[in-house]
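For reference, final-v3.txt is printed below; it contains compact mmCIF, C-alpha atoms.
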# COMPACT_ATOMS: atom_id res chain seq x y z
CA MET A 1358 4.27 13.44 -33.39
CA TYR A 1359 3.46 10.20 -31.52
CA ARG A 1360 -0.08 9.03 -30.71
CA ASN A 1361 0.36 5.39 -29.72
CA ILE A 1362 3.50 4.23 -27.90
CA LEU A 1363 4.12 0.54 -27.23
CA LEU A 1364 6.23 -0.26 -24.17
CA PRO A 1365 7.13 -3.96 -23.80
CA ILE A 1366 8.02 -4.89 -20.22
CA ASP A 1367 10.03 -8.02 -19.40
CA LEU A 1368 8.40 -8.84 -16.05
CA PRO A 1369 11.13 -11.17 -14.73
CA HIS A 1370 13.59 -8.28 -15.21
CA LYS A 1371 11.20 -5.37 -14.70
CA GLU A 1372 13.43 -3.41 -12.32
CA SER A 1373 16.17 -3.16 -14.95
CA GLN A 1374 13.79 -1.38 -17.32
CA THR A 1375 13.07 1.80 -15.38
CA LYS A 1376 15.09 3.92 -17.85
CA ALA A 1377 12.92 2.76 -20.77
CA VAL A 1378 9.76 3.36 -18.75
CA ALA A 1379 10.91 6.89 -17.88
CA VAL A 1380 11.62 7.69 -21.54
CA ALA A 1381 8.24 6.28 -22.60
CA CYS A 1382 6.44 8.33 -19.94
CA GLU A 1383 8.25 11.51 -20.94
CA LEU A 1384 7.42 11.06 -24.63
CA ALA A 1385 3.81 10.09 -23.92
CA ALA A 1386 3.38 13.20 -21.76
CA THR A 1387 5.10 15.46 -24.29
CA PHE A 1388 2.99 14.31 -27.24
CA GLY A 1389 -0.23 13.43 -25.41
CA ALA A 1390 0.16 9.85 -26.60
CA LYS A 1391 -1.45 6.71 -25.25
CA LEU A 1392 1.04 4.42 -23.53
CA ASN A 1393 0.44 0.74 -24.26
CA ALA A 1394 2.33 -1.28 -21.65
CA MET A 1395 2.63 -4.92 -22.63
CA THR A 1396 4.23 -8.10 -21.45
CA VAL A 1397 4.53 -11.49 -23.09
CA VAL A 1398 4.00 -14.81 -21.38
CA PRO A 1399 6.18 -17.17 -23.44
CA ASP A 1400 4.48 -20.18 -24.96
CA PHE A 1401 5.68 -23.76 -24.60
CA GLY A 1402 7.32 -23.84 -28.01
CA MET A 1403 6.37 -27.45 -28.69
CA THR A 1404 2.96 -28.98 -28.03
CA ILE A 1405 4.51 -31.98 -26.30
CA VAL A 1406 6.09 -29.68 -23.69
CA GLY A 1407 2.68 -28.25 -22.79
CA GLY A 1408 1.55 -31.69 -21.67
CA TYR A 1409 3.86 -31.50 -18.66
CA PHE A 1410 2.09 -28.43 -17.26
CA PRO A 1411 -1.21 -28.55 -15.36
CA LYS A 1412 -4.43 -27.73 -17.19
CA GLY A 1413 -5.19 -24.01 -17.11
CA TYR A 1414 -1.55 -23.07 -16.55
CA GLU A 1415 -1.46 -20.53 -19.41
CA GLU A 1416 -4.59 -18.74 -18.16
CA LYS A 1417 -3.22 -18.62 -14.62
CA ALA A 1418 0.14 -17.32 -15.87
CA ALA A 1419 -1.61 -14.61 -17.94
CA LYS A 1420 -3.70 -13.47 -14.94
CA GLU A 1421 -0.60 -13.30 -12.73
CA ALA A 1422 1.34 -11.43 -15.43
CA SER A 1423 -1.51 -8.94 -15.76
CA ALA A 1424 -1.58 -8.30 -12.01
CA ILE A 1425 2.21 -7.80 -11.88
CA LEU A 1426 2.12 -5.51 -14.94
CA HIS A 1427 -0.66 -3.39 -13.40
CA ASP A 1428 1.29 -3.08 -10.12
CA TYR A 1429 4.51 -2.18 -11.94
CA ILE A 1430 2.83 0.46 -14.10
CA ARG A 1431 1.00 1.93 -11.09
CA ALA A 1432 4.36 2.30 -9.31
CA HIS A 1433 6.37 3.68 -12.25
CA VAL A 1434 4.01 5.65 -14.49
CA PRO A 1435 2.76 9.05 -13.33
CA ALA A 1436 -0.97 9.54 -12.87
CA GLY A 1437 -2.59 11.38 -15.74
CA LEU A 1438 -1.06 9.35 -18.55
CA GLU A 1439 -3.47 7.21 -20.54
CA VAL A 1440 -2.24 3.62 -20.19
CA ARG A 1441 -3.52 0.38 -21.70
CA HIS A 1442 -2.28 -2.92 -20.23
CA ILE A 1443 -1.73 -5.80 -22.65
CA VAL A 1444 -0.72 -9.39 -21.89
CA ALA A 1445 0.19 -11.51 -24.90
CA ASN A 1446 1.15 -15.17 -25.16
CA GLY A 1447 3.72 -16.55 -27.58
CA THR A 1448 7.17 -15.77 -28.90
CA ILE A 1449 8.33 -12.48 -27.43
CA TYR A 1450 9.49 -10.60 -30.52
CA SER A 1451 6.64 -11.82 -32.73
CA GLU A 1452 4.03 -10.83 -30.12
CA ILE A 1453 5.57 -7.37 -29.78
CA LEU A 1454 5.39 -6.95 -33.56
CA ARG A 1455 1.84 -8.33 -33.72
CA ILE A 1456 0.56 -6.04 -30.98
CA ALA A 1457 2.37 -3.02 -32.51
CA THR A 1458 0.50 -3.64 -35.75
CA GLU A 1459 -2.81 -4.35 -34.01
CA ILE A 1460 -2.80 -1.12 -31.99
CA GLU A 1461 -1.23 0.91 -34.82
CA ALA A 1462 1.76 1.91 -32.71
CA ASP A 1463 3.85 4.68 -34.16
CA LEU A 1464 6.71 4.10 -31.70
CA ILE A 1465 8.01 1.10 -29.77
CA ILE A 1466 10.23 1.87 -26.79
CA MET A 1467 12.04 -1.11 -25.34
CA PHE A 1468 14.87 -1.92 -23.01
CA SER A 1469 17.87 -3.94 -24.14
CA HIS A 1470 20.81 -5.17 -22.15
CA ARG A 1471 24.35 -4.80 -23.43
CA PRO A 1472 24.87 -7.45 -26.12
CA GLU A 1473 26.79 -10.59 -25.34
CA LEU A 1474 28.49 -12.87 -27.86
CA ARG A 1475 25.47 -15.18 -28.02
CA ASP A 1476 23.30 -12.19 -28.98
CA TYR A 1477 25.40 -11.57 -32.06
CA LEU A 1478 24.90 -15.17 -33.15
CA LEU A 1479 21.20 -15.60 -32.32
CA GLY A 1480 19.87 -12.06 -32.16
CA PRO A 1481 18.04 -10.72 -29.10
CA ASN A 1482 14.37 -9.79 -29.13
CA ALA A 1483 15.15 -6.07 -29.42
CA ALA A 1484 17.23 -6.62 -32.57
CA ARG A 1485 14.44 -8.63 -34.18
CA VAL A 1486 11.87 -5.98 -33.33
CA VAL A 1487 14.11 -3.25 -34.76
CA ARG A 1488 14.61 -5.21 -37.99
CA HIS A 1489 10.96 -6.08 -38.57
CA ALA A 1490 8.83 -3.29 -37.04
CA ASP A 1491 6.69 -1.14 -39.30
CA CYS A 1492 7.16 1.85 -36.99
CA SER A 1493 10.06 3.58 -35.27
CA VAL A 1494 11.79 1.70 -32.44
CA LEU A 1495 13.71 3.38 -29.65
CA VAL A 1496 16.04 1.01 -27.81
CA VAL A 1497 17.02 2.20 -24.35
CA ARG A 1498 20.24 0.59 -23.15
CA GLY A 1499 20.68 -0.69 -19.65
CA ASP A 1500 23.87 -0.56 -17.66
Written as C-alpha cells, how would this file's structure read?
Amino acid sequence: MYRNILLPIDLPHKESQTKAVAVACELAATFGAKLNAMTVVPDFGMTIVGGYFPKGYEEKAAKEASAILHDYIRAHVPAGLEVRHIVANGTIYSEILRIATEIEADLIIMFSHRPELRDYLLGPNAARVVRHADCSVLVVRGD
C-alpha cells in the first residue's frame, strides 16, 4: 500500500519522536517501503539576519544536521530497512511539503506535541502539513 514514507525528524527534540519513528519503521517493514528520514535546518527568515552569522554557517549547520540525523537513524531504525537521509533548508512545513512532492511520498509520518493555545492561533507545522499535503499524513502524538 505504501512505497515511499517520509519521516520528518525535529533534531533538537529527536528523543521525543521515538513513537513516530517506531510507527514509520513498522509500516515501512510491513509494506516494503523506502523510509525517507528528513530534517530541516531553518533559514534566517530575513536576509538582514543572515549577515550576523559567519560565512559558511548554513553549510556547516547542514553537515552537522546530516551527521546527527545519520546517528539517530542508525540508533533507532532496524537494519534491513531501506533509508534515505535528507537535510533541507528553509521553513519547516514548506520544506516537508516540497520534499514529499519531490520524492513522491505516499505517506508522511510525523510527531506532534499536544497543542497549546498558541498553536490554535498560529498553527503548528504538523497542522500545516496535514492541510496542504498531497498524500496521507499520519500524526503521532507525544505525551
Response to the item:
note - atom CA of Ala1424 of chain A and atom CA of Thr1458 of chain A are separated by 24.3 Å
Fill in: Atomic separation - atom CA of Ala1445 of chain A relative to atom CA of Lys1376 of chain A, Å
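That distance, rounded to one decimal, is 22.6 Å.
Atom pair atom CA of Ser1493 of chain A / atom CA of Ile1466 of chain A has a distance of 8.7 Å (rounded to one decimal).
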Discussion item. Could you check the closest approach to Ala1422 of chain A for each of A:Ile1465, A:Met1395, A:Ile1456, A:Val1496 and tell me which residue wins, using all atoms listed in the file?
Written reply: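 Closest to Ala1422 of chain A, using all atoms listed in the file: A:Met1395.
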Discussion item. Here is a test: counting all atoms listed in the file, which residue of A:Ile1362, A:Ala1385, A:Leu1368, A:Ile1430 is nearest to Val1398 of chain A?
Written reply: A:Leu1368
Near Ala1381 of chain A, within 12 Å and counting all atoms listed in the file, which residues show up once chain neighbours fewer than 5 positions away are dropped, as an mmCIF file with C-alpha atoms, keeping the file's coordinate frame?
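The resulting part.cif:
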data_model
loop_
_atom_site.group_PDB
_atom_site.id
_atom_site.type_symbol
_atom_site.label_atom_id
_atom_site.label_comp_id
_atom_site.auth_asym_id
_atom_site.auth_seq_id
_atom_site.Cartn_x
_atom_site.Cartn_y
_atom_site.Cartn_z
ATOM 1 C CA TYR A 1359 3.460 10.200 -31.520
ATOM 2 C CA ARG A 1360 -0.080 9.030 -30.710
ATOM 3 C CA ASN A 1361 0.360 5.390 -29.720
ATOM 4 C CA ILE A 1362 3.500 4.230 -27.900
ATOM 5 C CA LEU A 1363 4.120 0.540 -27.230
ATOM 6 C CA LEU A 1364 6.230 -0.260 -24.170
ATOM 7 C CA PRO A 1365 7.130 -3.960 -23.800
ATOM 8 C CA ILE A 1366 8.020 -4.890 -20.220
ATOM 9 C CA GLN A 1374 13.790 -1.380 -17.320
ATOM 10 C CA THR A 1375 13.070 1.800 -15.380
ATOM 11 C CA LYS A 1376 15.090 3.920 -17.850
ATOM 12 C CA ALA A 1386 3.380 13.200 -21.760
ATOM 13 C CA THR A 1387 5.100 15.460 -24.290
ATOM 14 C CA PHE A 1388 2.990 14.310 -27.240
ATOM 15 C CA GLY A 1389 -0.230 13.430 -25.410
ATOM 16 C CA ALA A 1390 0.160 9.850 -26.600
ATOM 17 C CA LYS A 1391 -1.450 6.710 -25.250
ATOM 18 C CA LEU A 1392 1.040 4.420 -23.530
ATOM 19 C CA ASN A 1393 0.440 0.740 -24.260
ATOM 20 C CA ALA A 1394 2.330 -1.280 -21.650
ATOM 21 C CA ILE A 1430 2.830 0.460 -14.100
ATOM 22 C CA HIS A 1433 6.370 3.680 -12.250
ATOM 23 C CA VAL A 1434 4.010 5.650 -14.490
ATOM 24 C CA PRO A 1435 2.760 9.050 -13.330
ATOM 25 C CA LEU A 1438 -1.060 9.350 -18.550
ATOM 26 C CA GLU A 1439 -3.470 7.210 -20.540
ATOM 27 C CA VAL A 1440 -2.240 3.620 -20.190
ATOM 28 C CA LEU A 1464 6.710 4.100 -31.700
ATOM 29 C CA ILE A 1465 8.010 1.100 -29.770
ATOM 30 C CA ILE A 1466 10.230 1.870 -26.790
ATOM 31 C CA MET A 1467 12.040 -1.110 -25.340
ATOM 32 C CA PHE A 1468 14.870 -1.920 -23.010
ATOM 33 C CA VAL A 1494 11.790 1.700 -32.440
ATOM 34 C CA LEU A 1495 13.710 3.380 -29.650
ATOM 35 C CA VAL A 1496 16.040 1.010 -27.810
ATOM 36 C CA VAL A 1497 17.020 2.200 -24.350
#
Worksheet item: With distances taken over all atoms listed in the file, which of A:Gly1437, A:Ile1443, A:Asp1400, A:Leu1384 is nearest to Glu1459 of chain A?
Response: A:Ile1443
Draw an axis-aligned box over all listed atoms of segment 1369-1388 of chain A, pad each side with 6 Å, and write its centre and edge lengths in Å, one decimal, as JSON.
{"center_x": 9.6, "center_y": 2.1, "center_z": -19.8, "size_x": 25.2, "size_y": 38.6, "size_z": 26.9}
Item to complete: Give the answer as one residue: which of A:Ala1436, A:Ile1425, A:His1470, A:Thr1396 has the shortest atom-to-atom distance to Ile1453 of chain A, using only C-alpha atoms?
Response: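 Among A:Ala1436, A:Ile1425, A:His1470, A:Thr1396, it is A:Thr1396 that comes nearest to Ile1453 of chain A.
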Worksheet item: Near Lys1420 of chain A, within 10 Å and counting only C-alpha atoms, which residues show up once chain neighbours fewer than 6 positions away are dropped, as a list of chain:residue names?
Response: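 Counting only C-alpha atoms, the residues come to A:Tyr1414, A:Leu1426, A:Val1444.
Across A:Arg1498, A:His1370, A:Arg1485, A:Lys1412, the tightest approach to Thr1448 of chain A is made by A:Arg1485 when counting all atoms listed in the file.
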Discussion item. So, with all atoms listed in the file as the atoms that count, which of A:Met1358, A:Glu1461, A:Gly1499, A:His1442 lies closest to Ser1373 of chain A?
Written reply: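 Checking each candidate against Ser1373 of chain A, we get A:Gly1499 as the closest.
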